[in-house]
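**Student:** Sharing input.tsv here; it has TSV, C-alpha atoms.
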chain	number	residue	atom	x	y	z
D	241	ASP	CA	0.00	0.00	0.00
D	242	GLU	CA	0.98	3.68	0.02
D	243	GLY	CA	2.20	3.72	3.61
D	244	ALA	CA	4.39	0.68	3.08
D	245	GLY	CA	5.90	2.23	-0.03
D	246	ARG	CA	6.87	5.38	1.88
D	247	SER	CA	8.46	3.44	4.73
D	248	GLU	CA	11.23	2.07	2.49
D	249	VAL	CA	14.71	3.41	3.15
D	250	VAL	CA	15.69	3.35	-0.53
D	251	GLU	CA	12.98	3.92	-3.11
D	252	GLN	CA	12.90	1.47	-5.99
D	253	GLU	CA	13.47	3.11	-9.34
D	254	THR	CA	10.42	3.23	-11.56
D	255	LYS	CA	10.73	2.31	-15.21
D	256	LEU	CA	8.61	2.41	-18.31
D	257	VAL	CA	7.91	-0.77	-20.24
D	258	GLY	CA	7.76	-0.76	-24.02
D	259	ALA	CA	9.05	1.51	-26.71
D	260	VAL	CA	10.04	5.12	-26.22
D	261	SER	CA	6.97	7.30	-26.59
D	262	ALA	CA	6.61	9.60	-29.56
D	263	SER	CA	6.17	12.57	-27.22
D	264	LEU	CA	9.74	12.10	-25.97
D	265	PHE	CA	11.10	12.34	-29.51
D	266	MET	CA	8.91	15.40	-30.09
D	267	ASP	CA	10.35	17.06	-26.97
D	268	TYR	CA	13.89	16.41	-28.17
D	269	CYS	CA	13.06	17.75	-31.64
D	270	ARG	CA	11.48	20.80	-30.02
D	271	GLY	CA	14.68	21.33	-28.06
D	272	MET	CA	16.70	21.17	-31.29
D	273	GLY	CA	14.48	23.79	-32.88
D	274	TRP	CA	11.92	22.99	-35.55
D	275	LEU	CA	13.47	25.33	-38.10
D	276	THR	CA	16.98	23.90	-37.62
D	277	LEU	CA	15.65	20.35	-37.83
D	278	PHE	CA	13.58	21.07	-40.95
D	279	ILE	CA	16.50	22.72	-42.77
D	280	ALA	CA	18.86	19.88	-41.75
D	281	ILE	CA	16.45	17.19	-43.03
D	282	LEU	CA	15.83	19.12	-46.25
D	283	VAL	CA	19.55	19.62	-46.92
D	284	CYS	CA	20.28	15.97	-46.06
D	285	LEU	CA	17.60	14.69	-48.43
D	286	GLY	CA	18.72	17.08	-51.16
D	287	SER	CA	22.34	15.94	-50.87
D	288	TYR	CA	21.41	12.29	-51.31
D	289	VAL	CA	19.11	13.16	-54.20
D	290	ALA	CA	22.17	14.74	-55.82
D	291	MET	CA	24.10	11.52	-55.14
D	292	GLY	CA	21.39	9.43	-56.79
D	293	ALA	CA	21.22	11.80	-59.74
D	294	ALA	CA	24.99	11.55	-60.16
D	295	ASP	CA	24.85	7.75	-60.18
D	296	ARG	CA	21.97	7.77	-62.63
D	297	LEU	CA	23.79	10.26	-64.89
D	298	LEU	CA	26.93	8.13	-64.88
D	299	ALA	CA	24.99	4.96	-65.71
D	300	GLN	CA	23.14	6.72	-68.53
D	301	TRP	CA	26.38	8.10	-69.95
D	302	LEU	CA	27.98	4.64	-69.94
D	303	GLN	CA	25.05	3.31	-71.97
D	304	GLU	CA	24.73	6.14	-74.49
D	305	GLN	CA	28.29	7.59	-74.62
D	306	GLY	CA	27.05	11.14	-75.29
D	307	ASN	CA	28.72	14.52	-74.77
D	308	THR	CA	31.63	13.74	-72.45
D	309	GLU	CA	32.47	17.26	-71.30
D	310	ALA	CA	28.90	18.16	-70.34
D	311	VAL	CA	28.41	14.86	-68.50
D	312	VAL	CA	31.68	15.24	-66.60
D	313	LEU	CA	30.82	18.82	-65.61
D	314	ALA	CA	27.34	17.82	-64.43
D	315	TYR	CA	28.75	14.85	-62.55
D	316	VAL	CA	31.35	17.00	-60.76
D	317	LEU	CA	28.74	19.59	-59.82
D	318	LEU	CA	26.41	16.92	-58.43
D	319	CYS	CA	29.25	15.38	-56.39
D	320	LEU	CA	30.18	18.80	-54.99
D	321	ALA	CA	26.55	19.44	-54.11
D	322	PHE	CA	26.41	16.06	-52.35
D	323	MET	CA	29.53	16.71	-50.27
D	324	THR	CA	28.48	20.26	-49.39
D	325	GLY	CA	24.99	19.19	-48.34
D	326	LEU	CA	26.42	16.33	-46.30
D	327	CYS	CA	28.69	18.67	-44.32
D	328	ILE	CA	25.99	21.33	-43.81
D	329	SER	CA	23.39	18.82	-42.63
D	330	SER	CA	25.83	17.22	-40.17
D	331	LEU	CA	26.71	20.68	-38.82
D	332	LEU	CA	23.03	21.56	-38.38
D	333	PHE	CA	22.29	18.29	-36.59
D	334	SER	CA	25.24	18.91	-34.25
D	335	VAL	CA	24.10	22.47	-33.46
D	336	GLY	CA	20.57	21.28	-32.82
D	337	GLY	CA	21.81	18.40	-30.65
D	338	VAL	CA	23.86	20.76	-28.48
D	339	ARG	CA	20.84	23.02	-28.09
D	340	ALA	CA	18.56	20.09	-27.16
D	341	GLY	CA	21.14	18.69	-24.70
D	342	LYS	CA	21.44	22.07	-23.00
D	343	ALA	CA	17.66	22.34	-22.67
D	344	LEU	CA	17.43	18.80	-21.26
D	345	HIS	CA	20.23	19.44	-18.76
D	346	ASN	CA	18.58	22.65	-17.54
D	347	LEU	CA	15.24	20.87	-17.19
D	348	CYS	CA	16.76	17.99	-15.19
D	349	LEU	CA	18.67	20.41	-12.97
D	350	GLU	CA	15.54	22.47	-12.35
D	351	ARG	CA	13.55	19.36	-11.38
D	352	LEU	CA	16.39	18.22	-9.11
D	353	LEU	CA	16.67	21.55	-7.30
D	354	CYS	CA	12.90	21.67	-6.80
D	355	ALA	CA	12.63	18.08	-5.52
D	356	PRO	CA	11.45	17.59	-1.90
D	357	LEU	CA	13.95	16.66	0.80
D	358	ASP	CA	12.45	13.23	1.42
D	359	TRP	CA	13.18	12.32	-2.21
D	360	PHE	CA	16.91	12.83	-1.58
D	361	GLU	CA	16.65	10.64	1.54
D	362	ARG	CA	14.97	7.81	-0.41
D	363	THR	CA	17.13	8.09	-3.55
D	364	PRO	CA	20.81	7.01	-3.43
D	365	SER	CA	23.23	9.72	-4.40
D	366	GLY	CA	24.95	7.29	-6.77
D	367	ARG	CA	21.77	6.99	-8.80
D	368	ILE	CA	21.59	10.77	-9.14
D	369	MET	CA	25.25	10.96	-10.11
D	370	SER	CA	24.75	8.22	-12.69
D	371	ARG	CA	21.92	10.15	-14.31
D	372	PHE	CA	23.87	13.42	-14.40
D	373	SER	CA	27.15	11.83	-15.52
D	374	SER	CA	26.82	8.83	-17.84
D	375	ASP	CA	23.24	9.32	-19.04
D	376	LEU	CA	23.46	13.02	-19.83
D	377	SER	CA	26.93	12.61	-21.30
D	378	HIS	CA	25.54	10.01	-23.72
D	379	VAL	CA	22.76	12.43	-24.63
D	380	ASP	CA	25.26	15.24	-25.26
D	381	LEU	CA	27.90	13.19	-27.09
D	382	TYR	CA	26.14	10.36	-28.89
D	383	LEU	CA	22.50	11.29	-29.44
D	384	PRO	CA	23.23	14.09	-31.97
D	385	MET	CA	25.57	11.72	-33.81
D	386	TYR	CA	22.94	8.96	-33.85
D	387	PHE	CA	20.33	11.48	-34.95
D	388	ASP	CA	22.56	12.55	-37.82
D	389	ASN	CA	23.38	8.96	-38.78
D	390	CYS	CA	19.71	7.99	-38.69
D	391	PHE	CA	18.70	10.67	-41.18
D	392	GLN	CA	21.81	10.16	-43.30
D	393	PHE	CA	21.27	6.41	-43.61
D	394	GLY	CA	17.53	6.90	-44.02
D	395	ALA	CA	17.96	9.35	-46.90
D	396	ASN	CA	20.61	7.12	-48.45
D	397	LEU	CA	18.32	4.11	-48.19
D	398	VAL	CA	15.38	5.98	-49.74
D	399	VAL	CA	17.46	7.18	-52.69
D	400	LEU	CA	19.07	3.77	-53.30
D	401	CYS	CA	15.73	1.97	-53.09
D	402	ALA	CA	14.22	4.50	-55.51
D	403	VAL	CA	17.06	3.99	-57.99
D	404	VAL	CA	16.84	0.19	-57.71
D	405	CYS	CA	13.05	0.24	-58.14
D	406	LEU	CA	13.34	2.50	-61.19
D	407	VAL	CA	15.87	0.19	-62.82
D	408	MET	CA	14.13	-3.06	-61.76
D	409	PRO	CA	10.46	-2.54	-60.81
D	410	ILE	CA	10.17	-6.16	-59.67
D	411	MET	CA	12.35	-5.27	-56.65
D	412	VAL	CA	9.58	-3.14	-55.10
D	413	LEU	CA	8.13	-6.15	-53.24
D	414	VAL	CA	11.56	-7.19	-51.95
D	415	VAL	CA	12.30	-3.66	-50.75
D	416	VAL	CA	8.99	-3.38	-48.87
D	417	VAL	CA	9.43	-6.76	-47.15
D	418	GLY	CA	13.04	-5.93	-46.25
D	419	ILE	CA	12.10	-2.57	-44.70
D	420	LEU	CA	9.34	-4.16	-42.59
D	421	ALA	CA	11.66	-6.94	-41.35
D	422	TYR	CA	14.43	-4.47	-40.52
D	423	GLY	CA	12.00	-2.22	-38.62
D	424	LEU	CA	10.76	-5.15	-36.52
D	425	LEU	CA	14.32	-6.26	-35.76
D	426	LEU	CA	15.30	-2.70	-34.83
D	427	VAL	CA	12.45	-2.38	-32.32
D	428	VAL	CA	13.30	-5.70	-30.62
D	429	VAL	CA	17.03	-4.98	-30.37
D	430	ASP	CA	16.45	-1.42	-29.15
D	431	ARG	CA	14.29	-2.60	-26.24
D	432	GLY	CA	16.96	-5.09	-25.14
D	433	ASN	CA	19.70	-2.45	-25.34
D	434	ARG	CA	17.71	0.01	-23.21
D	435	GLU	CA	17.08	-2.63	-20.53
D	436	CYS	CA	20.78	-3.61	-20.42
D	437	LYS	CA	21.77	0.05	-20.09
D	438	ARG	CA	19.30	0.55	-17.23
D	439	LEU	CA	20.59	-2.52	-15.37
D	440	ALA	CA	24.19	-1.34	-15.82
D	441	ASN	CA	23.33	2.06	-14.32
D	442	LEU	CA	21.55	0.42	-11.38
D	443	ALA	CA	24.58	-1.79	-10.75
D	444	MET	CA	26.94	1.21	-10.75
D	445	ALA	CA	24.76	3.36	-8.47
D	446	PRO	CA	25.76	1.63	-5.14
D	447	VAL	CA	29.44	1.81	-6.08
D	448	GLN	CA	29.21	5.55	-6.79
D	449	THR	CA	27.23	6.11	-3.57
D	450	ASN	CA	29.81	4.29	-1.46
D	451	LEU	CA	32.68	6.10	-3.15
D	452	GLN	CA	31.10	9.50	-2.59
D	453	GLU	CA	30.34	8.76	1.08
D	454	SER	CA	33.90	7.52	1.62
D	455	VAL	CA	35.40	10.65	0.06
D	456	VAL	CA	33.15	13.02	2.01
D	457	GLY	CA	33.61	11.19	5.32
D	458	ARG	CA	37.28	10.28	4.99
D	459	GLU	CA	38.29	12.44	7.97
D	460	ALA	CA	35.67	10.83	10.19
D	461	LEU	CA	36.67	7.34	9.05
D	462	LYS	CA	40.32	8.10	9.74
D	463	SER	CA	39.63	9.52	13.22
D	464	MET	CA	37.48	6.50	14.18
D	465	CYS	CA	39.95	3.99	12.61
D	466	MET	CA	37.23	2.60	10.35
D	467	GLN	CA	39.18	2.52	7.09
D	468	ASP	CA	39.04	-1.27	6.96
D	469	CYS	CA	35.27	-1.18	7.36
D	470	ALA	CA	34.94	1.21	4.42
D	471	VAL	CA	37.22	-0.98	2.29
D	472	CYS	CA	35.21	-4.11	3.14
D	473	ARG	CA	31.98	-2.31	2.29
D	474	PHE	CA	33.42	-1.22	-1.03
D	475	ASP	CA	34.54	-4.80	-1.79
D	476	ARG	CA	31.07	-6.14	-1.17
As structure tokens, please, write out the structure in this file.

**Tutor:**
Amino acid sequence: DEGAGRSEVVEQETKLVGAVSASLFMDYCRGMGWLTLFIAILVCLGSYVAMGAADRLLAQWLQEQGNTEAVVLAYVLLCLAFMTGLCISSLLFSVGGVRAGKALHNLCLERLLCAPLDWFERTPSGRIMSRFSSDLSHVDLYLPMYFDNCFQFGANLVVLCAVVCLVMPIMVLVVVVGILAYGLLLVVVDRGNRECKRLANLAMAPVQTNLQESVVGREALKSMCMQDCAVCRFDR
């Protein structure tokens, strides 16, 4: 019951079961800025359209052997457009990721500073440190990169599938089945990865709590000759 739940010394961490909600992705996109995200997606898609057009132009030239100078000039311009768009889109995703990470950090810090005192008594300090160290560092360092890679690979896949389907229309069925199978596999693997990450953070929380308490209370431990007790507790 409610009274029994409040009598616990350490509160059990709550977790959500299932896939990440769409509202969470919308909050992150809102933190990036809708205009920045829209321009980055548009530039990314345009760069891979230029890549597909360059491949199609080269294949058509090999079949027809037309005007060499015009084809080479168009091919070079398309390749330059592809490289420029790739760099600009990656830069925009990085800028938006930094902005979203800053907004998320400020929101977490605001919630932490406004939390009641009994929450700090029921929540181990190692769990809080884990959230503000490893979790937020992954959001700041890796999430913008994964966001960029997701849109880059997605645009690349769309353009390649379009080129393949234009050359061989019979491959449309194979492409649709492959995309559905890959999406199902991605959802299953992503859920397992999130659960493993959560268990790893829970396992590290007691170690970080004990380390912090030992560092803060090292003078008291030394004066009471309890260093061996602290070492034994850390070993356990």

**Student:** Determine the nearest neighbour of Met369 of chain D from the options D:Ala343, D:Met385, D:Ala321, D:Leu352, counting all atoms listed in the file.

**Tutor:**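 Among the listed residues, D:Leu352 lies closest to Met369 of chain D.
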
**Student:** Identify which of the residues D:Gly286, D:Pro384, D:Pro364, D:Gly292 lies closest to Cys269 of chain D, counting all atoms listed in the file when measuring atom-to-atom distances.

**Tutor:**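 Checking each of D:Gly286, D:Pro384, D:Pro364, D:Gly292 against Cys269 of chain D, counting all atoms listed in the file, the winner is D:Pro384.
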
**Student:** Out of D:Tyr315, D:Phe360, D:Phe333, D:Phe322, which residue has the shortest atom-to-atom distance to Cys390 of chain D when counting all atoms listed in the file?

**Tutor:**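 Residue with the minimum atom-to-atom distance to Cys390 of chain D: D:Phe333.
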
**Student:** Just the number, please: distance in Å from atom CA of Leu317 of chain D to atom CA of Met291 of chain D, one decimal.

**Tutor:**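 Interatomic distance here is 10.4 Å.
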
**Student:** Let me have the centre and edge lengths in Å, one decimal, of the box along x, y and z around every listed atom of segment 286-301 of chain D with 5 Å of margin on each side, as AutoDock Vina command-line options.

**Tutor:**
--center_x 22.8 --center_y 11.0 --center_z -60.4 --size_x 18.2 --size_y 22.1 --size_z 29.1

**Student:** Residues within 9 Å of segment 379-382 of chain D, please, as a list in words. Count all atoms listed in the file; anything in the same chain fewer than 3 positions from it doesn't count.

**Tutor:**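 That gives Gly337, Val338, Ala340, Gly341, Lys342, Leu344, Ser374, Asp375, Leu376, Met385, Tyr386 and Phe387 of chain D.
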
**Student:** To one decimal place in Å, what is the distance between atom CA of Cys319 of chain D and atom CA of Ala290 of chain D?

**Tutor:**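 Distance between the two atoms: 7.1 Å.
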
**Student:** Quick one: distance from atom CA of Leu297 of chain D to atom CA of Val417 of chain D in Å, one decimal?

**Tutor:**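 If I compute the distance from atom CA of Leu297 of chain D to atom CA of Val417 of chain D, I get 28.5 Å.
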
**Student:** Kindly indicate which residue among D:Val412, D:Leu383, D:Leu353, D:Leu331 lies nearest to Tyr268 of chain D, using only C-alpha atoms for the distances.

**Tutor:**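 The shortest atom-to-atom distance to Tyr268 of chain D comes from D:Leu383.
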
**Student:** Can you pull out every residue within 12 Å of segment 418-425 of chain D, counting all atoms listed in the file, but drop anything in the same chain fewer than 5 positions away, and send it as a PyMOL selection string?

**Tutor:** chain D and resi 259+394+397-398+401+411-413+430-432

**Student:** Could you check the closest approach to Leu285 of chain D for each of D:Leu326, D:Leu302, D:Cys354, D:Met266 and tell me which residue wins, using only C-alpha atoms?

**Tutor:**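 With only C-alpha atoms as the atom set, the closest residue is D:Leu326.
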
**Student:** Which residue out of D:Asp295, D:Gly273, D:Lys437, D:Cys348 has the minimum interatomic distance to His378 of chain D when all atoms listed in the file are used?

**Tutor:**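 Among D:Asp295, D:Gly273, D:Lys437, D:Cys348, it is D:Lys437 that comes nearest to His378 of chain D.
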